[in-house]
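Undergrad: For reference, the file entry_12.cif (mmCIF, C-alpha atoms) is included below:
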```
data_structure
loop_
_atom_site.label_atom_id
_atom_site.label_comp_id
_atom_site.auth_asym_id
_atom_site.auth_seq_id
_atom_site.Cartn_x
_atom_site.Cartn_y
_atom_site.Cartn_z
CA MET V 28 0.00 0.00 0.00
CA LEU V 29 1.25 3.48 -0.86
CA THR V 30 1.71 5.52 2.31
CA MET V 31 2.39 9.24 2.67
CA VAL V 32 4.60 10.24 5.58
CA ILE V 33 4.04 13.95 6.18
CA ASP V 34 6.22 15.60 8.81
CA ASP V 35 8.57 18.59 8.78
CA SER V 36 11.15 16.62 10.76
CA ARG V 37 13.31 14.51 8.51
CA ALA V 38 14.28 12.29 11.47
CA MET V 39 10.60 11.64 12.25
CA ARG V 40 9.89 10.84 8.60
CA LEU V 41 12.73 8.34 8.69
CA ILE V 42 11.37 6.67 11.85
CA LEU V 43 7.85 6.41 10.44
CA LYS V 44 9.13 5.30 7.05
CA ARG V 45 11.05 2.43 8.66
CA ILE V 46 7.98 1.27 10.58
CA VAL V 47 5.67 1.16 7.57
CA ALA V 48 8.38 -0.13 5.22
CA GLN V 49 8.69 -3.16 7.54
CA LEU V 50 5.02 -3.84 6.85
CA GLY V 51 5.78 -3.87 3.14
CA PHE V 52 4.22 -0.46 2.44
CA ASP V 53 5.70 1.89 -0.16
CA VAL V 54 6.38 5.38 1.11
CA VAL V 55 6.13 8.90 -0.30
CA GLU V 56 7.52 11.62 1.95
CA ALA V 57 6.39 15.22 2.27
CA GLY V 58 7.78 17.95 4.53
CA ASN V 59 4.43 19.68 5.12
CA GLY V 60 0.76 19.61 4.16
CA GLN V 61 1.26 21.78 1.10
CA GLU V 62 3.98 19.54 -0.32
CA ALA V 63 1.69 16.57 0.28
CA MET V 64 -1.27 18.28 -1.46
CA ASP V 65 1.01 19.23 -4.38
CA TYR V 66 2.04 15.59 -4.71
CA LEU V 67 -1.59 14.43 -4.65
CA LYS V 68 -2.64 17.07 -7.17
CA THR V 69 0.13 16.29 -9.64
CA ASN V 70 0.19 12.54 -9.32
CA VAL V 71 -3.35 11.54 -8.40
CA LEU V 72 -5.89 14.28 -9.17
CA ASP V 73 -4.27 15.48 -12.42
CA GLY V 74 -2.38 12.29 -13.16
CA GLU V 75 -2.84 8.56 -13.21
CA GLY V 76 -0.83 7.78 -10.09
CA GLU V 77 -1.89 5.44 -7.30
CA ILE V 78 -4.07 6.94 -4.59
CA PRO V 79 -2.22 6.54 -1.27
CA GLY V 80 -4.10 4.19 1.03
CA LEU V 81 -2.69 5.80 4.15
CA ALA V 82 -1.20 9.07 5.32
CA LEU V 83 0.64 9.59 8.62
CA VAL V 84 0.26 13.29 9.30
CA ASP V 85 2.07 15.57 11.75
CA TRP V 86 0.05 18.50 13.07
CA ASN V 87 2.46 21.44 13.41
CA MET V 88 4.15 22.07 10.07
CA PRO V 89 4.93 25.19 8.02
CA GLU V 90 2.80 26.30 5.03
CA MET V 91 -0.06 23.87 5.58
CA ASN V 92 -0.51 22.15 8.93
CA GLY V 93 -1.81 18.65 9.45
CA LEU V 94 -5.32 19.66 10.38
CA GLU V 95 -5.60 21.77 7.21
CA PHE V 96 -4.26 18.84 5.19
CA VAL V 97 -6.82 16.45 6.67
CA THR V 98 -9.60 18.94 5.97
CA ALA V 99 -8.40 19.43 2.37
CA VAL V 100 -8.21 15.68 1.71
CA ARG V 101 -11.69 15.12 3.16
CA ALA V 102 -13.07 17.85 0.89
CA GLU V 103 -11.89 15.95 -2.20
CA PRO V 104 -14.20 13.05 -3.07
CA ARG V 105 -11.56 11.38 -5.24
CA LEU V 106 -9.34 10.95 -2.15
CA ARG V 107 -12.06 9.27 -0.11
CA GLY V 108 -10.07 6.02 0.04
CA MET V 109 -7.22 7.57 2.01
CA THR V 110 -6.96 6.61 5.67
CA LEU V 111 -5.61 9.53 7.67
CA MET V 112 -3.73 9.08 10.92
CA MET V 113 -2.40 12.05 12.88
CA VAL V 114 0.98 11.46 14.53
CA THR V 115 1.69 14.50 16.65
CA THR V 116 2.84 15.93 19.96
CA GLU V 117 -0.53 17.71 20.29
CA SER V 118 -2.09 15.83 23.18
CA GLU V 119 -4.90 18.06 24.43
CA GLN V 120 -8.23 16.26 24.50
CA ASN V 121 -9.99 18.98 22.49
CA GLN V 122 -7.26 18.85 19.81
CA ILE V 123 -7.82 15.11 19.36
CA VAL V 124 -11.57 15.69 19.14
CA ARG V 125 -10.97 18.43 16.53
CA ALA V 126 -8.74 16.20 14.42
CA LEU V 127 -11.25 13.34 14.48
CA ALA V 128 -14.11 15.71 13.68
CA SER V 129 -12.13 17.06 10.73
CA GLY V 130 -11.84 13.57 9.30
CA ALA V 131 -8.73 11.95 10.81
CA HIS V 132 -9.38 8.24 11.36
CA GLU V 133 -6.85 7.72 14.08
CA TYR V 134 -4.52 9.65 16.31
CA VAL V 135 -1.15 8.73 17.80
CA ILE V 136 0.50 11.00 20.34
CA LYS V 137 4.27 11.50 20.16
CA PRO V 138 6.38 10.02 21.61
CA PHE V 139 5.23 6.62 20.44
CA THR V 140 6.64 3.13 20.09
CA PRO V 141 6.59 1.36 16.70
CA ASP V 142 4.01 -1.02 18.16
CA ALA V 143 1.64 1.89 18.78
CA ILE V 144 1.61 2.71 15.04
CA ILE V 145 1.16 -0.94 14.12
CA ASP V 146 -1.63 -1.42 16.72
CA LYS V 147 -3.52 1.54 15.27
CA LEU V 148 -3.08 0.24 11.72
CA ALA V 149 -4.53 -3.05 12.96
CA LEU V 150 -7.50 -1.19 14.45
CA LEU V 151 -8.03 0.39 11.03
CA GLY V 152 -7.85 -3.03 9.38
CA LEU V 153 -4.72 -2.12 7.41
CA VAL V 154 -2.54 -4.84 8.95
CA PRO V 155 -3.60 -8.09 10.60
CA ASN V 156 -3.89 -8.22 14.39
CA GLY V 157 -0.94 -9.60 16.25
CA VAL V 158 1.76 -8.08 14.05
CA ALA V 159 2.88 -5.86 16.92
CA ALA V 160 4.76 -7.49 19.79
CA MET O 15 27.10 -11.62 37.05
CA THR O 16 24.75 -14.39 36.06
CA LEU O 17 22.66 -16.45 38.40
CA THR O 18 24.00 -19.77 39.59
CA THR O 19 21.95 -22.93 39.02
CA GLN O 20 21.15 -22.99 42.72
CA GLU O 21 19.97 -19.36 42.76
CA PHE O 22 17.80 -19.92 39.72
CA ALA O 23 16.37 -23.09 41.30
CA PHE O 24 15.42 -21.11 44.40
CA ILE O 25 13.54 -18.49 42.35
CA SER O 26 11.83 -21.01 40.09
CA GLY O 27 10.84 -23.05 43.17
CA LEU O 28 9.37 -19.98 44.83
CA VAL O 29 7.37 -18.94 41.77
CA ARG O 30 6.19 -22.50 41.26
CA ARG O 31 5.09 -22.85 44.87
CA ASP O 32 3.34 -19.48 45.18
CA ALA O 33 1.97 -19.00 41.68
CA ALA O 34 2.24 -22.46 40.06
CA ILE O 35 4.20 -20.88 37.26
CA VAL O 36 6.84 -22.98 35.57
CA LEU O 37 10.15 -21.22 34.91
CA GLU O 38 12.27 -23.62 32.91
CA ALA O 39 16.05 -23.53 32.73
CA GLY O 40 17.02 -20.99 30.09
CA LYS O 41 14.79 -18.31 31.63
CA GLU O 42 17.66 -16.96 33.73
CA TYR O 43 17.70 -13.80 31.60
CA LEU O 44 14.02 -13.21 32.45
CA VAL O 45 14.66 -13.61 36.17
CA GLU O 46 17.60 -11.20 35.99
CA ALA O 47 15.71 -8.58 33.99
CA ARG O 48 12.63 -8.72 36.20
CA LEU O 49 14.46 -8.80 39.53
CA LEU O 50 17.09 -6.16 38.83
CA PRO O 51 14.77 -3.27 39.84
CA LEU O 52 14.02 -5.08 43.13
CA ALA O 53 17.74 -5.63 43.76
CA ARG O 54 18.40 -1.94 43.19
CA GLN O 55 15.57 -0.97 45.54
CA SER O 56 17.19 -3.13 48.22
CA GLY O 57 20.50 -1.38 47.64
CA LEU O 58 22.15 -4.49 46.20
CA PRO O 59 24.25 -4.26 43.05
CA THR O 60 23.40 -7.65 41.51
CA VAL O 61 20.41 -9.94 41.22
CA SER O 62 22.60 -12.73 42.52
CA GLU O 63 23.21 -10.97 45.84
CA PHE O 64 19.53 -10.09 46.04
CA VAL O 65 18.53 -13.74 45.56
CA ASN O 66 21.00 -14.81 48.22
CA ARG O 67 19.57 -12.35 50.70
CA ALA O 68 16.02 -13.51 49.89
CA GLN O 69 17.16 -17.08 50.57
CA GLN O 70 19.07 -16.45 53.76
CA ARG O 71 16.75 -13.94 55.39
CA PRO O 72 13.34 -14.78 54.00
CA GLU O 73 10.84 -11.97 54.37
CA PRO O 74 7.29 -12.83 53.31
CA ASP O 75 6.90 -9.47 51.66
CA MET O 76 10.08 -9.92 49.62
CA HIS O 77 8.86 -13.28 48.34
CA ARG O 78 5.60 -11.69 47.29
CA LYS O 79 7.47 -8.94 45.44
CA ILE O 80 9.59 -11.53 43.62
CA VAL O 81 6.50 -13.45 42.56
CA ASP O 82 4.85 -10.20 41.44
CA ALA O 83 7.88 -9.19 39.40
CA LEU O 84 7.98 -12.53 37.59
CA THR O 85 4.27 -12.90 36.91
CA THR O 86 3.47 -9.46 35.52
CA ASN O 87 2.60 -9.50 31.86
CA GLU O 88 2.58 -6.92 29.16
CA THR O 89 -0.90 -5.82 28.27
CA SER O 90 -2.63 -3.22 26.15
CA PHE O 91 -6.11 -1.93 25.46
CA PHE O 92 -8.03 -4.12 22.98
CA ARG O 93 -5.21 -6.67 23.03
CA ASP O 94 -5.58 -9.00 20.01
CA GLY O 95 -8.68 -7.09 18.86
CA GLU O 96 -10.79 -10.02 17.67
CA PRO O 97 -12.10 -11.25 21.07
CA PHE O 98 -13.62 -7.81 21.70
CA LYS O 99 -15.13 -7.73 18.22
CA GLN O 100 -16.66 -11.15 18.90
CA LEU O 101 -17.91 -9.98 22.25
CA VAL O 102 -20.04 -7.49 20.32
CA GLU O 103 -20.94 -9.66 17.34
CA THR O 104 -21.40 -13.09 18.93
CA VAL O 105 -21.61 -12.96 22.72
CA LEU O 106 -23.77 -9.91 23.37
CA PRO O 107 -26.57 -10.91 20.95
CA ASP O 108 -26.67 -14.31 22.74
CA LEU O 109 -26.70 -12.78 26.23
CA LEU O 110 -29.24 -10.10 25.30
CA ALA O 111 -31.66 -12.91 24.58
CA ARG O 112 -30.75 -15.04 27.59
CA ARG O 113 -30.62 -12.26 30.18
CA ALA O 114 -33.68 -10.32 29.02
CA SER O 115 -35.29 -10.68 32.46
CA THR O 116 -32.35 -9.49 34.57
CA ARG O 117 -30.68 -7.15 32.06
CA GLN O 118 -27.42 -7.48 33.91
CA ILE O 119 -24.09 -8.86 32.66
CA LYS O 120 -21.33 -9.91 35.03
CA VAL O 121 -17.78 -10.25 33.74
CA TRP O 122 -14.49 -11.51 35.16
CA SER O 123 -11.18 -10.36 33.74
CA ALA O 124 -8.59 -12.70 35.27
CA ALA O 125 -4.89 -11.79 35.40
CA SER O 126 -5.92 -8.24 34.64
CA SER O 127 -2.43 -6.79 35.19
CA SER O 128 -2.53 -2.97 35.04
CA GLY O 129 -6.23 -2.96 34.12
CA GLN O 130 -6.32 -2.42 30.36
CA GLU O 131 -8.43 -5.54 29.77
CA PRO O 132 -11.19 -4.89 32.33
CA TYR O 133 -11.44 -1.26 31.19
CA THR O 134 -11.56 -2.36 27.56
CA LEU O 135 -14.43 -4.68 28.50
CA ALA O 136 -16.12 -1.80 30.32
CA MET O 137 -15.88 0.43 27.24
CA VAL O 138 -17.20 -2.29 24.94
CA LEU O 139 -20.15 -3.13 27.21
CA ASN O 140 -20.94 0.51 27.92
CA ASP O 141 -21.01 1.34 24.20
CA ASN O 142 -22.86 -1.75 23.02
CA LEU O 143 -25.46 -2.70 25.63
CA PRO O 144 -28.94 -1.27 25.02
CA ALA O 145 -30.34 1.33 27.40
CA GLY O 146 -31.68 -0.19 30.60
CA TRP O 147 -28.95 -2.85 30.80
CA GLY O 148 -26.26 -2.88 33.45
CA PHE O 149 -22.93 -4.60 33.84
CA ASP O 150 -20.19 -5.05 36.35
CA ILE O 151 -16.66 -6.27 35.86
CA VAL O 152 -14.27 -7.84 38.32
CA GLY O 153 -10.57 -7.58 37.54
CA THR O 154 -8.23 -9.88 39.45
CA ASP O 155 -4.49 -10.32 39.59
CA ILE O 156 -1.91 -11.97 41.81
CA SER O 157 0.16 -8.77 41.99
CA THR O 158 -0.92 -6.19 44.55
CA GLU O 159 1.22 -3.63 42.77
CA MET O 160 -0.65 -4.21 39.51
CA LEU O 161 -3.99 -4.09 41.33
CA THR O 162 -3.07 -0.69 42.78
CA ARG O 163 -2.20 0.56 39.31
CA ALA O 164 -5.40 -0.86 37.84
CA GLU O 165 -7.51 0.68 40.59
CA ALA O 166 -6.03 4.10 39.85
CA GLY O 167 -7.19 3.71 36.23
CA GLN O 168 -4.52 6.11 35.10
CA TYR O 169 -2.34 5.53 32.05
CA THR O 170 0.63 7.16 30.36
CA GLN O 171 0.58 8.57 26.87
CA LEU O 172 2.53 5.52 25.67
CA GLU O 173 -0.07 3.19 27.19
CA VAL O 174 -3.09 4.94 25.67
CA ASN O 175 -1.32 4.93 22.31
CA ARG O 176 -1.34 1.13 22.36
CA GLY O 177 -4.46 -0.31 20.80
CA LEU O 178 -6.97 2.21 22.11
CA PRO O 179 -8.97 3.89 19.34
CA ALA O 180 -8.66 7.68 19.59
CA GLN O 181 -12.47 7.97 19.56
CA LEU O 182 -12.64 5.90 22.74
CA LEU O 183 -9.74 7.74 24.34
CA VAL O 184 -11.51 11.07 24.10
CA LYS O 185 -14.85 9.55 25.00
CA HIS O 186 -13.90 7.52 28.07
CA PHE O 187 -10.75 9.17 29.47
CA GLU O 188 -9.91 12.51 30.96
CA ARG O 189 -6.50 14.06 30.59
CA ASN O 190 -4.71 14.49 33.87
CA GLY O 191 -1.34 16.18 33.28
CA ALA O 192 0.85 13.73 31.39
CA HIS O 193 -1.60 10.91 32.11
CA TRP O 194 -5.08 9.84 31.03
CA LYS O 195 -7.57 8.72 33.63
CA ILE O 196 -10.55 6.48 32.95
CA ALA O 197 -13.81 8.44 33.42
CA SER O 198 -15.31 7.85 36.85
CA GLY O 199 -18.59 6.49 35.43
CA LEU O 200 -16.73 3.57 33.84
CA ARG O 201 -14.21 3.26 36.66
CA ASN O 202 -17.09 2.59 39.05
CA LYS O 203 -18.26 -0.37 36.96
CA VAL O 204 -14.99 -2.20 37.59
CA SER O 205 -13.84 -3.60 40.92
CA PHE O 206 -10.49 -5.23 41.62
CA ARG O 207 -9.37 -7.94 44.00
CA ARG O 208 -6.33 -10.12 44.52
CA ILE O 209 -6.70 -13.68 43.35
CA ASN O 210 -3.99 -16.27 42.89
CA LEU O 211 -5.28 -18.47 40.08
CA ALA O 212 -3.20 -21.35 41.38
CA ALA O 213 -4.98 -21.39 44.76
CA PRO O 214 -8.68 -22.08 45.50
CA PHE O 215 -10.80 -19.05 44.57
CA PRO O 216 -12.81 -17.10 47.12
CA PRO O 217 -16.57 -17.15 46.46
CA MET O 218 -17.33 -15.08 43.37
CA GLY O 219 -19.55 -14.99 40.33
CA PRO O 220 -21.43 -16.50 38.75
CA PHE O 221 -20.13 -14.79 35.63
CA ASP O 222 -21.68 -14.47 32.20
CA ILE O 223 -18.30 -13.83 30.59
CA VAL O 224 -14.80 -14.78 31.74
CA PHE O 225 -11.62 -13.50 30.08
CA ILE O 226 -8.56 -15.43 31.21
CA ARG O 227 -6.02 -14.82 28.51
CA ASN O 228 -2.30 -15.44 28.15
CA VAL O 229 -1.92 -16.87 31.63
CA LEU O 230 -2.61 -20.63 31.29
CA ILE O 231 0.45 -20.85 29.04
CA TYR O 232 2.62 -20.33 32.12
CA PHE O 233 1.13 -23.30 34.00
CA ASP O 234 1.84 -27.00 33.70
CA VAL O 235 -0.98 -29.24 32.44
CA GLN O 236 -2.19 -30.28 35.89
CA THR O 237 -2.41 -26.66 37.05
CA LYS O 238 -4.17 -25.67 33.82
CA ARG O 239 -6.72 -28.40 34.47
CA THR O 240 -7.27 -27.29 38.08
CA VAL O 241 -7.62 -23.62 37.08
CA LEU O 242 -10.11 -24.49 34.32
CA GLN O 243 -12.13 -26.60 36.77
CA ARG O 244 -12.34 -23.68 39.17
CA VAL O 245 -13.18 -21.28 36.34
CA ALA O 246 -15.99 -23.63 35.29
CA GLY O 247 -17.34 -23.31 38.81
CA THR O 248 -17.59 -19.52 38.49
CA LEU O 249 -19.17 -19.50 35.03
CA ARG O 250 -22.91 -19.55 34.45
CA PRO O 251 -23.95 -22.74 32.62
CA ASP O 252 -24.57 -20.73 29.45
CA GLY O 253 -21.66 -18.31 30.01
CA TRP O 254 -18.75 -17.58 27.70
CA LEU O 255 -15.05 -18.15 28.30
CA PHE O 256 -12.27 -16.46 26.34
CA LEU O 257 -8.69 -17.72 26.44
CA GLY O 258 -5.53 -16.35 24.80
CA SER O 259 -5.01 -17.15 21.13
CA ALA O 260 -2.31 -19.72 21.98
CA GLU O 261 -4.43 -21.41 24.67
CA THR O 262 -7.19 -24.00 24.58
CA THR O 263 -9.23 -26.25 26.85
CA ILE O 264 -8.94 -29.07 24.33
CA GLY O 265 -7.15 -32.05 25.79
CA ILE O 266 -7.14 -30.41 29.22
CA ASP O 267 -10.74 -30.06 30.32
CA ASP O 268 -13.42 -31.66 28.19
CA ARG O 269 -16.32 -30.06 30.00
CA PHE O 270 -15.71 -27.06 27.71
CA GLU O 271 -16.45 -27.01 24.02
CA ARG O 272 -14.85 -24.70 21.54
CA VAL O 273 -17.13 -22.33 19.69
CA VAL O 274 -15.79 -20.63 16.58
CA ALA O 275 -16.50 -16.91 16.83
CA GLY O 276 -15.32 -14.90 13.82
CA ARG O 277 -11.56 -15.31 13.55
CA THR O 278 -11.16 -16.43 17.16
CA SER O 279 -12.50 -19.11 19.50
CA ALA O 280 -14.58 -18.93 22.62
CA TYR O 281 -15.52 -21.76 24.99
CA LYS O 282 -18.81 -22.80 26.51
CA LEU O 283 -19.69 -25.48 29.01
CA ARG O 284 -20.63 -28.56 27.01
CA THR O 285 -24.16 -29.16 28.16
CA ALA O 286 -26.37 -27.37 30.60
CA SER O 287 -27.01 -30.58 32.56
CA LYS O 288 -23.32 -31.35 33.09
CA ALA O 289 -22.45 -27.74 33.66
CA ALA O 290 -25.28 -27.18 36.11
CA ALA O 291 -23.29 -29.04 38.74
CA PRO O 292 -19.82 -27.57 38.50
CA VAL O 293 -19.31 -27.90 42.23
CA SER O 294 -19.78 -31.66 42.30
CA ALA O 295 -17.63 -31.93 39.19
CA LEU O 296 -14.96 -30.03 41.08
CA GLY O 297 -15.17 -32.50 43.89
CA LYS O 298 -14.41 -35.38 41.57
CA GLY O 299 -11.37 -33.60 40.09
#
```
Output the structure of this file as structure tokens.

TA:
Amino acid sequence: MLTMVIDDSRAMRLILKRIVAQLGFDVVEAGNGQEAMDYLKTNVLDGEGEIPGLALVDWNMPEMNGLEFVTAVRAEPRLRGMTLMMVTTESEQNQIVRALASGAHEYVIKPFTPDAIIDKLALLGLVPNGVAA
Amino acid sequence: MTLTTQEFAFISGLVRRDAAIVLEAGKEYLVEARLLPLARQSGLPTVSEFVNRAQQRPEPDMHRKIVDALTTNETSFFRDGEPFKQLVETVLPDLLARRASTRQIKVWSAASSSGQEPYTLAMVLNDNLPAGWGFDIVGTDISTEMLTRAEAGQYTQLEVNRGLPAQLLVKHFERNGAHWKIASGLRNKVSFRRINLAAPFPPMGPFDIVFIRNVLIYFDVQTKRTVLQRVAGTLRPDGWLFLGSAETTIGIDDRFERVVAGRTSAYKLRTASKAAAPVSALGKG
């Protein structure tokens, strides 16, 4: 499955990329929401590219933040198949509620263990149960 | 410094006697890893010295702490997923029909560790039982330390990240500094008590649902059989038993039959007539 890893920290992108690559997912990286939208526009909406099945989305990023990205993806019917998971240090209860209300399917609070990401992907039916330790 | 054969034999003997848990040779690394924090707390630099002190100057409380440290298992919310899905899809429809007169469901979560399983059950029942139905859940564990943690119902960010859907986190927990605390309404549905599965149970139940997962694997066959006999005695004749995915009653206790539920298995007492007399059956065992 094609997965977008959207985070302005290159180190965080690398960590997330390693976790999903282990699951056999292909990865496209973006440094912020705008870069990710540009990729989707060029390759999916205006092109013939594969629609990513999953996006792991940081919240606080320059240009377009994660919440704006989630809102933009949800407003585009052709991207309905994308599963959106926030992976962020934002841990206030009302922020989580906001992200879910905006269309995020799941939410992981940083710091996290690799198993936390895999557990959530299992909840979303994207990997079988029991993959995590 | 690694444990000597004699030191390891002392620890495995203690855990076998007090918790009926079998620690085979080769598990020295586990003993060292689990007991190192206790050694440090006692101001001793190595596990070996700690074990020697526990042997030479036995304190009941120290033995309990050793057993606790070696019997605590990793857990997470919605662990393994499928049993909770089947609780909703298979078990609740059955119990809604059978308990229509009492509208009350009683659940036991055995070896509940830090409480994630009983609270998961509380969330599932709360969100899936029709209005007018009630439930209560008993969580039990051998470790008093784990019971204290479970009673507090407070979890770290790392713990709520594991397996708990974000929707349920914001619905059933309240943020408390760096921790998340289970909402008091749900907390009050769960009670905790200390039970050693390897010893006779105090009076409890009867339960409609029993979860006893990933604990039988640590027992030898005879202990498994005894525990299952006692569990049968706490289960209603038409109740449901869930074991861990690597555990079964087959070949151990034939009063249970396996029921395929989705992608997992549950167990029910074979017939109402046999199961109606679990106490006399216990007597024969």

Undergrad: To verify the selection step, state as a list in words which residues the PyMOL selection byres ((chain V) within 8 of (chain O)) yields on this input.

TA: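 Given this file, the PyMOL selection byres ((chain V) within 8 of (chain O)) evaluates to Glu119, Gln120, Ile123, Val124, Leu127, Glu133, Tyr134, Val135, Ile136, Pro138, Phe139, Thr140, Asp142, Ala143, Asp146, Lys147, Leu150, Asn156 and Gly157 of chain V.
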
Undergrad: I need the residue nearest V:Gly130 from this list: V:Glu95, V:Glu75, V:Glu117, V:Asp85. Use all atoms listed in the file for the distance.

TA: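 Closest residue, counting all atoms listed in the file: V:Glu95.
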
Undergrad: When you draw a straight line from atom CA of O:Ile35 to atom CA of O:Phe215, how long is it in Å?

TA: 16.8 Å

Undergrad: Starting from the displayed file, determine the output of the PyMOL selection byres ((chain V and resi 78) around 8) and express the residue list as a list in words.

TA: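 This file, filtered by the PyMOL selection byres ((chain V and resi 78) around 8), leaves Leu29, Leu67, Val71, Gly76, Glu77, Pro79, Gly80, Leu106, Gly108 and Met109 of chain V.
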
Undergrad: Which residue, O:Gly253, O:Tyr133, O:Leu84, O:Leu101, has the smallest gap to O:Leu200 when you use all atoms listed in the file?

TA: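 For O:Leu200, the nearest of the candidates is O:Tyr133.
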
Undergrad: Between atom CA of O:Thr154 and atom CA of O:Arg272, what is the distance, to one decimal in Å?

TA: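 Interatomic distance here is 24.2 Å.
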
Undergrad: Atom CA of V:His132 to atom CA of V:Arg40: how many Å, to one decimal?

TA: 19.6 Å

Undergrad: Using only C-alpha atoms, find the one residue out of O:Gly129, O:Gly153, O:Pro72, O:Gly146 that sits nearest to O:Ser115.

TA: O:Gly146

Undergrad: Stretch 40-50 of chain O: which residues within 10 Å, counting all atoms listed in the file, same-chain residues fewer than 2 positions away excluded, as a PyMOL selection string?

TA: chain O and resi 15-19+21-23+25-26+37-38+52-56+58-62+64-65+79-86

Undergrad: Could you check which of V:Ala99, V:Ile144, V:Ala128, V:Met64 is closest to V:Ile42, using only C-alpha atoms?

TA: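 Among the listed residues, the smallest separation from V:Ile42 belongs to V:Ile144.
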
Undergrad: What box, with edges along x, y and z, holds each listed atom of stretch 162-180 of chain O when 5 Å is added on every side, and can you state its centre and edge lengths in Å to one decimal, as AutoDock Vina command-line options?

TA:
```
--center_x -3.2 --center_y 3.9 --center_z 31.1 --size_x 21.5 --size_y 19.4 --size_z 33.4
```
